[in-house]
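Enquirer: Next up, coords02.pdb (PDB, C-alpha atoms).
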ATOM      1  CA  VAL A   1       5.298  -1.317 -16.821
ATOM      2  CA  VAL A   2       8.042  -3.693 -15.718
ATOM      3  CA  PRO A   3       8.543  -6.978 -17.583
ATOM      4  CA  VAL A   4       9.050 -10.106 -15.477
ATOM      5  CA  PRO A   5      11.119 -12.413 -17.679
ATOM      6  CA  ASP A   6      11.030 -16.117 -16.870
ATOM      7  CA  LYS A   7      13.340 -18.504 -18.724
ATOM      8  CA  ARG A   8      11.072 -21.408 -17.771
ATOM      9  CA  LEU A   9       8.412 -19.939 -20.049
ATOM     10  CA  ASP A  10      10.873 -19.978 -22.952
ATOM     11  CA  VAL A  11      11.649 -23.656 -22.245
ATOM     12  CA  LEU A  12       7.935 -24.511 -22.197
ATOM     13  CA  ALA A  13       7.363 -22.570 -25.411
ATOM     14  CA  GLU A  14      10.141 -24.519 -27.091
ATOM     15  CA  MET A  15       8.796 -27.849 -25.798
ATOM     16  CA  TYR A  16       5.271 -27.180 -27.033
ATOM     17  CA  LYS A  17       6.254 -25.234 -30.156
ATOM     18  CA  THR A  18       3.984 -22.315 -29.259
ATOM     19  CA  GLN A  19       3.895 -19.394 -31.633
ATOM     20  CA  LYS A  20       3.333 -16.668 -29.085
ATOM     21  CA  ILE A  21       4.996 -16.108 -25.715
ATOM     22  CA  THR A  22       3.497 -13.626 -23.270
ATOM     23  CA  HIS A  23       5.759 -12.867 -20.345
ATOM     24  CA  ALA A  24       4.311 -11.535 -17.101
ATOM     25  CA  ILE A  25       4.492  -7.826 -16.398
ATOM     26  CA  VAL A  26       4.002  -5.682 -13.327
ATOM     27  CA  GLU A  27       2.356  -2.342 -13.899
ATOM     28  CA  PHE A  28       3.091   0.381 -11.366
ATOM     29  CA  VAL A  29       0.726   3.338 -11.149
ATOM     30  CA  ASP A  30       2.141   6.482  -9.553
ATOM     31  CA  ILE A  31      -0.732   8.113  -7.707
ATOM     32  CA  ALA A  32      -0.357  11.603  -6.236
ATOM     33  CA  GLY A  33      -0.077  11.857  -2.460
ATOM     34  CA  LEU A  34      -3.134  11.678  -0.282
ATOM     35  CA  VAL A  35      -4.000  14.360   2.233
ATOM     36  CA  LYS A  36      -6.106  14.354   5.353
ATOM     37  CA  GLY A  37      -9.748  14.738   4.351
ATOM     38  CA  ALA A  38      -9.381  12.972   0.988
ATOM     39  CA  SER A  39     -12.326  10.698   1.746
ATOM     40  CA  LYS A  40     -14.417  13.863   1.995
ATOM     41  CA  GLY A  41     -13.052  15.223  -1.292
ATOM     42  CA  GLU A  42     -10.083  17.253   0.016
ATOM     43  CA  GLY A  43      -7.126  17.650  -2.341
ATOM     44  CA  LEU A  44      -7.287  15.067  -5.101
ATOM     45  CA  GLY A  45      -9.285  12.832  -2.754
ATOM     46  CA  ASN A  46     -11.972  11.327  -4.955
ATOM     47  CA  LYS A  47      -9.622  11.062  -7.925
ATOM     48  CA  PHE A  48      -6.969   9.392  -5.749
ATOM     49  CA  LEU A  49      -9.452   6.956  -4.292
ATOM     50  CA  SER A  50     -10.856   6.038  -7.708
ATOM     51  CA  HIS A  51      -7.335   5.332  -9.008
ATOM     52  CA  ILE A  52      -6.332   3.265  -5.999
ATOM     53  CA  ARG A  53      -9.470   1.114  -6.270
ATOM     54  CA  GLU A  54      -8.177  -0.140  -9.611
ATOM     55  CA  VAL A  55      -4.852  -1.537  -8.315
ATOM     56  CA  ASP A  56      -4.174  -5.033  -6.981
ATOM     57  CA  ALA A  57      -1.772  -3.943  -4.243
ATOM     58  CA  ILE A  58      -0.500  -0.743  -2.654
ATOM     59  CA  CYS A  59       3.138   0.286  -2.367
ATOM     60  CA  GLU A  60       3.229   3.331  -0.096
ATOM     61  CA  VAL A  61       6.388   5.455  -0.055
ATOM     62  CA  VAL A  62       6.895   6.835   3.464
ATOM     63  CA  ARG A  63       9.337   9.648   4.181
ATOM     64  CA  CYS A  64      11.888   8.562   6.773
ATOM     65  CA  PHE A  65      14.550  11.246   6.397
ATOM     66  CA  GLU A  66      15.087  14.798   7.550
ATOM     67  CA  ASP A  67      16.034  17.521   5.070
ATOM     68  CA  SER A  68      15.378  21.199   5.765
ATOM     69  CA  ASN A  69      15.330  21.861   1.998
ATOM     70  CA  ILE A  70      12.302  19.609   1.479
ATOM     71  CA  THR A  71       9.208  20.731   3.339
ATOM     72  CA  HIS A  72       6.648  18.308   4.688
ATOM     73  CA  VAL A  73       2.938  19.074   4.415
ATOM     74  CA  ASP A  74       2.586  18.655   8.217
ATOM     75  CA  GLY A  75       5.815  20.498   9.049
ATOM     76  CA  THR A  76       7.635  17.577  10.725
ATOM     77  CA  ILE A  77       8.864  14.102   9.843
ATOM     78  CA  ASN A  78       6.716  11.408  11.404
ATOM     79  CA  PRO A  79       6.348   8.296   9.222
ATOM     80  CA  ILE A  80       3.773   6.647  11.485
ATOM     81  CA  ARG A  81       1.559   9.750  11.406
ATOM     82  CA  ASP A  82       1.884   9.807   7.615
ATOM     83  CA  ILE A  83       0.999   6.100   7.305
ATOM     84  CA  GLU A  84      -1.929   6.528   9.677
ATOM     85  CA  THR A  85      -3.205   9.568   7.729
ATOM     86  CA  ILE A  86      -3.319   7.578   4.509
ATOM     87  CA  ASN A  87      -4.655   4.430   6.153
ATOM     88  CA  LEU A  88      -7.363   6.431   7.909
ATOM     89  CA  GLU A  89      -8.486   7.967   4.616
ATOM     90  CA  LEU A  90      -8.639   4.466   3.123
ATOM     91  CA  VAL A  91     -10.590   3.315   6.172
ATOM     92  CA  PHE A  92     -13.088   6.176   5.755
ATOM     93  CA  ALA A  93     -13.536   5.316   2.080
ATOM     94  CA  ASP A  94     -14.112   1.660   2.986
ATOM     95  CA  ILE A  95     -16.665   2.564   5.663
ATOM     96  CA  GLU A  96     -18.593   4.412   2.981
ATOM     97  CA  THR A  97     -18.368   1.347   0.705
ATOM     98  CA  ILE A  98     -19.444  -1.006   3.494
ATOM     99  CA  ASP A  99     -22.399   1.244   4.313
ATOM    100  CA  LYS A 100     -23.572   0.786   0.736
ATOM    101  CA  LYS A 101     -22.981  -2.974   0.334
ATOM    102  CA  ILE A 102     -22.764  -6.400   1.952
ATOM    103  CA  GLU A 103     -24.985  -6.524   5.011
ATOM    104  CA  SER A 104     -23.893 -10.076   5.961
ATOM    105  CA  VAL A 105     -20.297  -9.072   6.789
ATOM    106  CA  LYS A 106     -20.884  -5.394   7.459
ATOM    107  CA  LYS A 107     -20.696  -5.502  11.257
ATOM    108  CA  LYS A 108     -17.504  -7.591  11.359
ATOM    109  CA  ILE A 109     -15.657  -5.270   8.996
ATOM    110  CA  LYS A 110     -17.165  -2.021  10.160
ATOM    111  CA  ASP A 111     -16.226  -2.703  13.808
ATOM    112  CA  THR A 112     -12.625  -3.310  12.713
ATOM    113  CA  LEU A 113     -12.526  -0.236  10.469
ATOM    114  CA  GLU A 114     -14.026   1.954  13.189
ATOM    115  CA  GLN A 115     -11.146   0.884  15.419
ATOM    116  CA  GLY A 116      -8.852   2.360  12.748
ATOM    117  CA  LYS A 117      -7.614  -1.058  11.650
ATOM    118  CA  PRO A 118      -7.414  -2.213   8.032
ATOM    119  CA  ALA A 119      -9.804  -4.907   6.822
ATOM    120  CA  ARG A 120      -6.814  -7.047   5.774
ATOM    121  CA  SER A 121      -6.114  -7.631   9.472
ATOM    122  CA  LEU A 122      -9.278  -9.796   9.768
ATOM    123  CA  ASP A 123      -9.714 -13.475   8.988
ATOM    124  CA  PHE A 124     -12.549 -14.182   6.554
ATOM    125  CA  THR A 125     -14.266 -17.336   5.402
ATOM    126  CA  ASP A 126     -14.056 -18.192   1.700
ATOM    127  CA  GLU A 127     -17.687 -17.147   1.343
ATOM    128  CA  GLU A 128     -17.038 -13.758   2.956
ATOM    129  CA  ILE A 129     -14.003 -13.203   0.739
ATOM    130  CA  GLY A 130     -16.159 -13.937  -2.288
ATOM    131  CA  LEU A 131     -18.679 -11.325  -1.167
ATOM    132  CA  LEU A 132     -15.981  -8.802  -0.389
ATOM    133  CA  LYS A 133     -14.303  -9.030  -3.780
ATOM    134  CA  GLU A 134     -17.108  -7.023  -5.342
ATOM    135  CA  THR A 135     -16.704  -4.181  -2.832
ATOM    136  CA  PHE A 136     -13.099  -3.363  -3.798
ATOM    137  CA  LEU A 137     -12.185  -2.474  -0.208
ATOM    138  CA  LEU A 138      -8.990  -0.450  -0.188
ATOM    139  CA  THR A 139      -7.825  -1.793   3.172
ATOM    140  CA  MET A 140      -8.126  -5.403   1.953
ATOM    141  CA  LYS A 141      -5.351  -4.853  -0.569
ATOM    142  CA  PRO A 142      -1.898  -6.082   0.372
ATOM    143  CA  ILE A 143       0.462  -3.212   1.149
ATOM    144  CA  LEU A 144       4.210  -2.722   0.976
ATOM    145  CA  TYR A 145       5.718   0.219   2.840
ATOM    146  CA  ILE A 146       8.772   1.820   1.223
ATOM    147  CA  ALA A 147      10.774   3.568   3.943
ATOM    148  CA  ASN A 148      12.297   6.444   1.969
ATOM    149  CA  ILE A 149      15.645   7.096   3.645
ATOM    150  CA  SER A 150      18.556   9.459   3.055
ATOM    151  CA  GLU A 151      22.000   8.411   1.858
ATOM    152  CA  HIS A 152      23.331   8.888   5.407
ATOM    153  CA  GLN A 153      20.810   6.466   6.894
ATOM    154  CA  ILE A 154      21.915   3.553   4.686
ATOM    155  CA  GLU A 155      24.927   2.745   6.884
ATOM    156  CA  ASN A 156      22.902   2.262  10.087
ATOM    157  CA  ILE A 157      19.534   1.275   8.726
ATOM    158  CA  GLU A 158      18.929  -1.350  11.439
ATOM    159  CA  ASP A 159      19.245   1.341  14.118
ATOM    160  CA  ASP A 160      17.222   4.055  12.376
ATOM    161  CA  LYS A 161      14.339   5.171  14.603
ATOM    162  CA  TYR A 162      12.005   6.037  11.740
ATOM    163  CA  VAL A 163      12.584   2.804   9.848
ATOM    164  CA  LYS A 164      12.085   0.831  13.078
ATOM    165  CA  GLN A 165       8.766   2.623  13.624
ATOM    166  CA  VAL A 166       7.580   1.739  10.138
ATOM    167  CA  ILE A 167       8.671  -1.910  10.561
ATOM    168  CA  GLU A 168       6.857  -2.208  13.907
ATOM    169  CA  TYR A 169       3.749  -0.653  12.407
ATOM    170  CA  ALA A 170       3.840  -2.940   9.369
ATOM    171  CA  GLU A 171       4.178  -6.049  11.533
ATOM    172  CA  GLN A 172       0.788  -5.291  13.096
ATOM    173  CA  GLU A 173      -0.933  -5.672   9.744
ATOM    174  CA  ASN A 174       1.269  -8.412   8.278
ATOM    175  CA  ALA A 175       2.787  -5.971   5.808
ATOM    176  CA  GLU A 176       6.339  -5.732   4.524
ATOM    177  CA  VAL A 177       8.802  -2.825   4.623
ATOM    178  CA  VAL A 178      11.571  -2.064   2.153
ATOM    179  CA  PRO A 179      14.034   0.673   3.117
ATOM    180  CA  LEU A 180      15.086   2.547  -0.021
ATOM    181  CA  CYS A 181      16.977   5.747  -0.757
ATOM    182  CA  VAL A 182      14.778   7.133  -3.499
ATOM    183  CA  LYS A 183      17.302   9.926  -4.142
ATOM    184  CA  ILE A 184      20.010   7.411  -5.097
ATOM    185  CA  GLU A 185      17.523   5.450  -7.208
ATOM    186  CA  GLU A 186      16.481   8.650  -8.957
ATOM    187  CA  GLU A 187      20.113   9.508  -9.764
TER     188      GLU A 187
END
Please render this file's structure as structure tokens.
Expert:
Amino acid sequence: VVPVPDKRLDVLAEMYKTQKITHAIVEFVDIAGLVKGASKGEGLGNKFLSHIREVDAICEVVRCFEDSNITHVDGTINPIRDIETINLELVFADIETIDKKIESVKKKIKDTLEQGKPARSLDFTDEEIGLLKETFLLTMKPILYIANISEHQIENIEDDKYVKQVIEYAEQENAEVVPLCVKIEEE
């Protein structure tokens, strides 16, 4: 839980002589990594998907550095493959949800999902958005990609091939990318 202090709230509280001030907070939920097949129950699949349904937005940490001391589940570093693996599992979970609900917008969304694209890439009417809110589609949630880089990549981040790949990918779905050296942050 991260507090979001706002001095304007203190000024308003003073003006109106309120007895209680409740500042905004952002709650981050660290959810274990997702593996291929999660939508079919592989790994922590169903548990992961149930946890992610409860969040308002997704912040996906994507490995963008090479280190022979840290193995990767697929054996090689490929941030786009990793993003697509997770997105595809979210797509599969949403297809299952769409199959169970909302016939009026089913075809529009399902066609997009079957193309491997997230539902957030579509434009919806206010009425459709209202209907969709009850489905809790995972690919409708805003997403922020964290490009996890090494200390050596910080100097030339604009030229880093992996970070560029993640940025190009994110642009296609109107998402944002934040390069971050998690190792430095951890220290």
Enquirer: Written as number ranges by chain, which residues does the PyMOL selection byres ((chain A and resi 119-125) around 12) give for the file shown?
Expert: A: 57, 87-88, 90-95, 98, 105-118, 126-133, 135-143, 170-175
Enquirer: Excluding same-chain residues fewer than 4 positions from region 63-80 of chain A, what lies within 9 Å of it counting all atoms listed in the file, as a VMD selection string?
Expert: chain A and resid 35 84 to 85 146 to 150 153 160 to 163 165 to 166 169 179
Enquirer: So how many Å separate CA of Asn156 (chain A) and CA of Leu144 (chain A), to one decimal?
Expert: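 Spanning CA of Asn156 (chain A) to CA of Leu144 (chain A) is a straight-line distance of 21.4 Å.
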Enquirer: Report, in Å to a single decimal, how far apart CA of His51 (chain A) and CA of Asp30 (chain A) are.
Expert: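 Separation of CA of Asp30 (chain A) and CA of His51 (chain A): 9.6 Å.
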Enquirer: Which is closer to Val177 (chain A) than all the others in A:Val61, A:Val11, A:Val1, A:Ile154, using only C-alpha atoms?
Expert: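 That would be A:Val61, the residue with the smallest distance to Val177 (chain A).
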Enquirer: Just to confirm, what's the straight-line distance from CA of Ile184 (chain A) to CA of Glu151 (chain A) in Å (one decimal)?
Expert: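 Interatomic distance, CA of Ile184 (chain A) to CA of Glu151 (chain A): 7.3 Å.
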